[in-house]
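**Q** Mind looking over this structure? Questions follow.
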Amino acid sequence: MIAEVDVVFVMNTLLKLRRVFGHLKLANRGIFLEAGSGPGKNVYVAALTHSWQRCVGIDMRQSFTDHATRLKLRFDDDTCSFLTEKQRQERDNDSIDFVCGNFFDTDLLVTASVVYVDLTCMPSDPLRRFTNMLDDLATAAVVITLTRPLDTSKFFLLWTDPHVATSWGTTTAFIYERKPPTGDDDDDDDDDHNVHDE
Ligand SMILES: C[S@@+](CC[C@H](N)C(=O)[O-])C[C@H]1O[C@@H](n2cnc3c(N)ncnc32)[C@H](O)[C@@H]1O
């Protein structure tokens, strides 16, 4: 069985971002991206939490992205029937999709306003490369990591959650926000924009 996080953690984290930290505003629908989305349930939970412009999972295993895509019918017919009329109107269920591929090879990652990634099994070298990619996210973009923190000065740590339930026990989550660019940023240029500005 694949190692999985308790979806309650994903939902509570996104709700806390909206209610306490002011992210996930309807005026800026944003992009949720899960890097290594496995069977896809976290993406569906994220889709219930906010009206994303796009809510996307990337996984290198075709069987997972196929499975996750097949769940869409059940999500539309069953899960969404529990939403209020207003919630249904606010949500665009066509925004959910799953991409089969290597998240190191896609520019999609840096378009996200919220990235969720389980770093439990990622070795140090790929983790460094992944962290460097995240540095290109827009100001105020959020990164939620499981088990391992990010070693970067370009993010604020918003909070940690040391009691996240998973299929293998409990672990710690780290929730970050991309800082505004400074003179030290290599990429401190015109395309550095604020995800709250749109
Ligand atoms: C520990 S599982 C977590 C699955 C999911 N996040 C969950 O909580 O249910 C990690 C997933 O990441 C995927 N993965 C690992 N490295 C990847 C990469 N470089 N690109 C795309 N997917 C990757 C694996 O195929 C696996 O499905």
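Identifiers for the structure tokens are assigned positionally: chains receive A, B, ... in sequence, residues are indexed from 1 per chain, and ligands are indexed from 1 in the order shown.
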Let's see if you can do this: from backbone DSSP, list all alpha helix (DSSP H) residues in range 56-101 of chain A, as a PyMOL selection string.

**A** chain A and resi 62-77+85-90

**Q** For the residues in the current selection, export N, CA and C atoms as a compact mmCIF listing (two decimals), in the first residue's frame.

**A**
# COMPACT_ATOMS: atom_id res chain seq x y z
N GLN A 62 1.82 6.17 -14.16
CA GLN A 62 0.60 6.26 -14.98
C GLN A 62 -0.60 5.61 -14.27
N SER A 63 -0.36 4.50 -13.57
CA SER A 63 -1.49 3.82 -12.92
C SER A 63 -2.13 4.73 -11.88
N PHE A 64 -1.33 5.56 -11.21
CA PHE A 64 -1.89 6.48 -10.22
C PHE A 64 -2.69 7.61 -10.88
N THR A 65 -2.12 8.19 -11.92
CA THR A 65 -2.85 9.31 -12.54
C THR A 65 -4.13 8.79 -13.22
N ASP A 66 -4.09 7.57 -13.76
CA ASP A 66 -5.31 7.00 -14.35
C ASP A 66 -6.36 6.78 -13.27
N HIS A 67 -5.93 6.21 -12.14
CA HIS A 67 -6.85 5.96 -11.03
C HIS A 67 -7.45 7.29 -10.53
N ALA A 68 -6.56 8.27 -10.35
CA ALA A 68 -7.01 9.57 -9.83
C ALA A 68 -8.00 10.22 -10.80
N THR A 69 -7.75 10.10 -12.09
CA THR A 69 -8.65 10.70 -13.08
C THR A 69 -10.01 10.00 -13.06
N ARG A 70 -9.99 8.68 -12.87
CA ARG A 70 -11.26 7.93 -12.84
C ARG A 70 -12.14 8.34 -11.65
N LEU A 71 -11.52 8.79 -10.55
CA LEU A 71 -12.29 9.19 -9.37
C LEU A 71 -13.14 10.43 -9.62
N LYS A 72 -12.84 11.12 -10.71
CA LYS A 72 -13.52 12.39 -11.00
C LYS A 72 -15.04 12.21 -11.15
N LEU A 73 -15.44 11.10 -11.79
CA LEU A 73 -16.88 10.85 -11.96
C LEU A 73 -17.58 10.75 -10.61
N ARG A 74 -16.95 9.97 -9.71
CA ARG A 74 -17.54 9.78 -8.38
C ARG A 74 -17.54 11.10 -7.60
N PHE A 75 -16.48 11.87 -7.78
CA PHE A 75 -16.38 13.16 -7.11
C PHE A 75 -17.51 14.08 -7.57
N ASP A 76 -17.71 14.15 -8.88
CA ASP A 76 -18.75 15.04 -9.43
C ASP A 76 -20.14 14.58 -8.99
N ASP A 77 -20.41 13.24 -9.09
CA ASP A 77 -21.76 12.74 -8.83
C ASP A 77 -22.08 12.62 -7.35
N GLU A 85 -25.59 24.98 -2.76
CA GLU A 85 -25.72 25.55 -4.10
C GLU A 85 -24.63 26.61 -4.34
N LYS A 86 -24.42 27.45 -3.31
CA LYS A 86 -23.43 28.52 -3.43
C LYS A 86 -22.02 27.93 -3.64
N GLN A 87 -21.71 26.89 -2.84
CA GLN A 87 -20.39 26.26 -2.99
C GLN A 87 -20.23 25.64 -4.37
N ARG A 88 -21.32 25.05 -4.87
CA ARG A 88 -21.23 24.43 -6.21
C ARG A 88 -20.99 25.49 -7.28
N GLN A 89 -21.69 26.64 -7.11
CA GLN A 89 -21.52 27.72 -8.10
C GLN A 89 -20.09 28.27 -8.08
N GLU A 90 -19.52 28.32 -6.86
CA GLU A 90 -18.16 28.90 -6.74
C GLU A 90 -17.10 27.98 -7.31

**Q** List every residue of chain A that has an atom at most 8 Å from any atom of ligand 1, giving for each one its closest atom pair and the distance in Å to one decimal, counting only C-alpha atoms and all ligand atoms, sorted by chain and then by ascending residue number, as a Markdown table.

**A**
| residue | atom | partner | partner_atom_place_in_ligand_line | distance |
| --- | --- | --- | --- | --- |
| A:Ile2 | CA | ligand 1 | 2 (S) | 6.0 |
| A:Ala3 | CA | ligand 1 | 1 (C) | 4.8 |
| A:Glu4 | CA | ligand 1 | 8 (O) | 3.8 |
| A:Val5 | CA | ligand 1 | 8 (O) | 4.5 |
| A:Asp6 | CA | ligand 1 | 8 (O) | 7.6 |
| A:Glu34 | CA | ligand 1 | 6 (N) | 6.9 |
| A:Ala35 | CA | ligand 1 | 22 (N) | 6.2 |
| A:Gly36 | CA | ligand 1 | 12 (O) | 3.2 |
| A:Ser37 | CA | ligand 1 | 6 (N) | 4.3 |
| A:Gly38 | CA | ligand 1 | 27 (O) | 3.5 |
| A:Pro39 | CA | ligand 1 | 9 (O) | 6.1 |
| A:Gly40 | CA | ligand 1 | 9 (O) | 6.5 |
| A:Lys41 | CA | ligand 1 | 9 (O) | 6.5 |
| A:Asn42 | CA | ligand 1 | 9 (O) | 6.6 |
| A:Ile58 | CA | ligand 1 | 21 (C) | 5.7 |
| A:Asp59 | CA | ligand 1 | 22 (N) | 3.6 |
| A:Met60 | CA | ligand 1 | 21 (C) | 4.0 |
| A:Arg61 | CA | ligand 1 | 25 (O) | 5.1 |
| A:Phe64 | CA | ligand 1 | 27 (O) | 6.8 |
| A:Cys100 | CA | ligand 1 | 21 (C) | 7.4 |
| A:Gly101 | CA | ligand 1 | 21 (C) | 5.5 |
| A:Asn102 | CA | ligand 1 | 20 (N) | 3.4 |
| A:Phe103 | CA | ligand 1 | 20 (N) | 4.1 |
| A:Phe104 | CA | ligand 1 | 19 (N) | 5.6 |
| A:Tyr116 | CA | ligand 1 | 6 (N) | 8.0 |
| A:Val117 | CA | ligand 1 | 6 (N) | 6.4 |
| A:Asp118 | CA | ligand 1 | 6 (N) | 5.6 |
| A:Leu119 | CA | ligand 1 | 1 (C) | 7.7 |
| A:Thr120 | CA | ligand 1 | 1 (C) | 7.0 |
| A:Cys121 | CA | ligand 1 | 1 (C) | 6.9 |
| A:Met122 | CA | ligand 1 | 16 (N) | 7.5 |

**Q** Within 6 Å of range 27-32 of chain A, counting only C-alpha atoms, which residues show up once you throw out same-chain ones fewer than 3 positions away? Write them as a VMD selection string, please.

**A** chain A and resid 51 to 55 112 to 114 198

**Q** Range 148-184 of chain A: which residues are strand (DSSP E or B) by DSSP, as a list in words?

**A**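 Matching residues, listed in order: Phe155, Phe156, Leu157, Leu158, Trp159, Thr160, Asp161, Pro162, His163, Val164, Ala165, Thr166, Gly169, Thr170, Thr171, Thr172, Ala173, Phe174, Ile175, Tyr176, Glu177 and Arg178 of chain A.
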
**Q** Those selected residues, please, written with N, CA and C atoms and delivered as a PDB file, in the first residue's frame.

**A**
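The resulting part-v1.pdb:
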ATOM      1  N   PHE A 155      11.784  31.669   1.963  1.00  0.00           N
ATOM      2  CA  PHE A 155      10.434  31.419   2.476  1.00  0.00           C
ATOM      3  C   PHE A 155      10.344  31.754   3.961  1.00  0.00           C
ATOM      4  N   PHE A 156       9.157  32.254   4.380  1.00  0.00           N
ATOM      5  CA  PHE A 156       8.839  32.352   5.805  1.00  0.00           C
ATOM      6  C   PHE A 156       8.264  30.999   6.227  1.00  0.00           C
ATOM      7  N   LEU A 157       8.596  30.566   7.419  1.00  0.00           N
ATOM      8  CA  LEU A 157       7.875  29.416   7.977  1.00  0.00           C
ATOM      9  C   LEU A 157       6.626  29.971   8.656  1.00  0.00           C
ATOM     10  N   LEU A 158       5.443  29.624   8.138  1.00  0.00           N
ATOM     11  CA  LEU A 158       4.202  30.130   8.744  1.00  0.00           C
ATOM     12  C   LEU A 158       3.890  29.370  10.026  1.00  0.00           C
ATOM     13  N   TRP A 159       3.916  28.037   9.932  1.00  0.00           N
ATOM     14  CA  TRP A 159       3.765  27.226  11.138  1.00  0.00           C
ATOM     15  C   TRP A 159       4.199  25.789  10.840  1.00  0.00           C
ATOM     16  N   THR A 160       4.343  25.005  11.905  1.00  0.00           N
ATOM     17  CA  THR A 160       4.590  23.568  11.747  1.00  0.00           C
ATOM     18  C   THR A 160       3.479  22.815  12.471  1.00  0.00           C
ATOM     19  N   ASP A 161       3.239  21.611  12.004  1.00  0.00           N
ATOM     20  CA  ASP A 161       2.251  20.752  12.654  1.00  0.00           C
ATOM     21  C   ASP A 161       2.944  19.416  12.940  1.00  0.00           C
ATOM     22  N   PRO A 162       3.270  19.142  14.207  1.00  0.00           N
ATOM     23  CA  PRO A 162       4.056  17.946  14.523  1.00  0.00           C
ATOM     24  C   PRO A 162       3.226  16.668  14.687  1.00  0.00           C
ATOM     25  N   HIS A 163       1.913  16.761  14.449  1.00  0.00           N
ATOM     26  CA  HIS A 163       1.053  15.598  14.738  1.00  0.00           C
ATOM     27  C   HIS A 163       0.229  15.194  13.521  1.00  0.00           C
ATOM     28  N   VAL A 164       0.852  15.147  12.357  1.00  0.00           N
ATOM     29  CA  VAL A 164       0.097  14.804  11.150  1.00  0.00           C
ATOM     30  C   VAL A 164      -0.031  13.283  11.036  1.00  0.00           C
ATOM     31  N   ALA A 165      -1.266  12.813  10.948  1.00  0.00           N
ATOM     32  CA  ALA A 165      -1.500  11.369  10.851  1.00  0.00           C
ATOM     33  C   ALA A 165      -1.237  10.891   9.428  1.00  0.00           C
ATOM     34  N   THR A 166      -0.530   9.754   9.335  1.00  0.00           N
ATOM     35  CA  THR A 166      -0.263   9.146   8.024  1.00  0.00           C
ATOM     36  C   THR A 166      -0.499   7.642   8.153  1.00  0.00           C
ATOM     37  N   GLY A 169       2.119   6.216  10.588  1.00  0.00           N
ATOM     38  CA  GLY A 169       2.250   6.771  11.936  1.00  0.00           C
ATOM     39  C   GLY A 169       2.005   8.268  11.900  1.00  0.00           C
ATOM     40  N   THR A 170       2.780   9.039  12.655  1.00  0.00           N
ATOM     41  CA  THR A 170       2.618  10.497  12.580  1.00  0.00           C
ATOM     42  C   THR A 170       3.917  11.125  12.098  1.00  0.00           C
ATOM     43  N   THR A 171       3.780  12.307  11.525  1.00  0.00           N
ATOM     44  CA  THR A 171       4.952  13.040  11.059  1.00  0.00           C
ATOM     45  C   THR A 171       4.704  14.534  11.234  1.00  0.00           C
ATOM     46  N   THR A 172       5.698  15.320  10.841  1.00  0.00           N
ATOM     47  CA  THR A 172       5.597  16.777  10.985  1.00  0.00           C
ATOM     48  C   THR A 172       5.375  17.415   9.618  1.00  0.00           C
ATOM     49  N   ALA A 173       4.535  18.422   9.592  1.00  0.00           N
ATOM     50  CA  ALA A 173       4.345  19.202   8.363  1.00  0.00           C
ATOM     51  C   ALA A 173       4.924  20.602   8.569  1.00  0.00           C
ATOM     52  N   PHE A 174       5.390  21.185   7.467  1.00  0.00           N
ATOM     53  CA  PHE A 174       5.972  22.533   7.492  1.00  0.00           C
ATOM     54  C   PHE A 174       5.225  23.366   6.451  1.00  0.00           C
ATOM     55  N   ILE A 175       4.751  24.534   6.869  1.00  0.00           N
ATOM     56  CA  ILE A 175       3.956  25.361   5.951  1.00  0.00           C
ATOM     57  C   ILE A 175       4.695  26.692   5.774  1.00  0.00           C
ATOM     58  N   TYR A 176       5.045  26.985   4.525  1.00  0.00           N
ATOM     59  CA  TYR A 176       5.872  28.144   4.195  1.00  0.00           C
ATOM     60  C   TYR A 176       5.149  29.108   3.268  1.00  0.00           C
ATOM     61  N   GLU A 177       5.612  30.363   3.310  1.00  0.00           N
ATOM     62  CA  GLU A 177       5.152  31.356   2.331  1.00  0.00           C
ATOM     63  C   GLU A 177       6.385  31.979   1.660  1.00  0.00           C
ATOM     64  N   ARG A 178       6.298  32.095   0.330  1.00  0.00           N
ATOM     65  CA  ARG A 178       7.420  32.712  -0.415  1.00  0.00           C
ATOM     66  C   ARG A 178       7.520  34.178  -0.020  1.00  0.00           C
TER      67      ARG A 178
END

**Q** What does the distance between CA of Pro181 in chain A and CA of Val142 in chain A come to in Å, to one decimal place?

**A**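 Between CA of Pro181 in chain A and CA of Val142 in chain A the gap works out to 14.7 Å.
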
**Q** CA of Asp125 in chain A and CA of Leu33 in chain A are how many Å apart?

**A**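 Value for the CA of Asp125 in chain A-CA of Leu33 in chain A distance: 21.9 Å.
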
**Q** Find the residue from A:Ile144, A:Cys80, A:Asp135, A:Val56 that sits nearest to Met11 in chain A; use only C-alpha atoms when measuring.

**A**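 Of A:Ile144, A:Cys80, A:Asp135, A:Val56, the one nearest Met11 in chain A is A:Ile144, counting only C-alpha atoms.
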
**Q** For a quick check of understanding, using only C-alpha atoms, which of A:Val43, A:Leu150, A:Leu14, A:Val115 has the smallest distance to Ala138 in chain A?

**A**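 Of the candidates, the smallest distance to Ala138 in chain A is held by A:Val115.
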
**Q** Let me make sure I understand: among A:Gly183, A:Leu137, A:Asp97, A:His50, which one has the smallest atom-to-atom distance to Arg18 in chain A if we use only C-alpha atoms?

**A**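 Checking each candidate against Arg18 in chain A, we get A:His50 as the closest.
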